[in-house]
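What follows is one structure encoded as structure tokens, with my remarks underneath.
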Amino acid sequence: MTPIQLRRFISNIDTTQKHNGSCWIWTGPRFRSGYGMFHYAGRHMRAHRVAWFVMVGKIPKGMHVCHVCDVPLCVNPSHLWVGDHEQNMKDMVRKGRHRSNPLRGHLATNAKLREVDIIPIRIDPRFHKEIAKDYGVSAGLISRVKTRRAWAHV
């Protein structure tokens with residue numbers, strides 16, 4: 001990694017946020033999955049994998065860089081570990097993040113709303129676009145909330 005790329009990478013890390021204690025939160029672009037995104041080596045890579053590569057070393061082929069803290073935007077190398085797919089899946093099940101027990105509501109990785117927002121959104125008679133602007137989300141999300149395709153548990 002060149003010094004310019006390294007400075008660009010580091011400029012997207014916020015070590016002052018106190019999310020989960022000592023997480024270093026990625027403030028740059030994100031994938032839809034909620035993980036940080038960094039353009040490196042001619043492709044978009046997950047920021048936590050780049051952090052591991054830059055600060056710890058090479059990632060063996062076929063291995064995952066996993067989070068101890070379960071914060072997808074965390075790039076603190078002391079919160080990361082390398083494991084294979086099976087180890088990652090066992091960790092996910094052990095921590096209750098398996099699809100049979102998904103994180104719901106504001107606990108979901110990519111949640112942009114909170115439970116207290118849902119009922120007011122559902123009863124709001126305005127156009128979806130107007131509501132979306134107030135909550136800082138897309139009109140499509142407002143539509144999914146109103147039709148219970150999103151936040152159905154509320």
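Naming scheme: A, B, ... for chains in displayed order of the structure tokens; residues 1 onward per chain; ligands 1 onward as shown.
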Discussion item. Residues within 12 Å of range 131-143 of chain A, please, as a list of chain:residue names. Count only C-alpha atoms; anything in the same chain fewer than 5 positions from it doesn't count.
Written reply: A:Asn110, A:Ala111, A:Lys112, A:Leu113, A:Arg114, A:Val116, A:Asp117, A:Ile118, A:Ile119, A:Pro120, A:Ile121, A:Arg122, A:Ile123, A:Asp124, A:Pro125, A:Arg126, A:Arg148, A:Arg149, A:Ala150, A:Trp151
Worksheet item: Between A:Val93, A:Leu6, A:Pro77, A:Phe127, which has the minimum distance to His39 in chain A (counting only C-alpha atoms)?
Response: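 Closest candidate: A:Leu6.
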Fill in: Straight-line distance linking CA of Val56 in chain A with CA of Thr27 in chain A, stated in Å to one decimal
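Computing the Euclidean distance for CA of Val56 in chain A and CA of Thr27 in chain A yields 20.7 Å.
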Discussion item. Set the distance at 12 Å and use only C-alpha atoms: which residues neighbour Gly28 in chain A once local chain neighbours fewer than 3 positions away are removed? I'd like the list as a PyMOL selection string.
Written reply: chain A and resi 8-14+25+31+34-39+46-48+73-75
Worksheet entry | Spatial neighbours of Gly83 in chain A, max dist 8 Å, only C-alpha atoms, sep filter under 4 positions, as a ChimeraX atom specification | /A:63-66,87-88
Discussion item. Run DSSP on the backbone and tell me which residues of chain A come out as strand (DSSP E); list them as an MDAnalysis selection string.
Written reply: chainID A and resid 13:14 25:26 37:40 43:46 64:67 80:83
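Using only C-alpha atoms, the nearest neighbour of Ala152 in chain A within the list A:Glu115, A:Val82, A:Thr2, A:Cys23 is A:Glu115.
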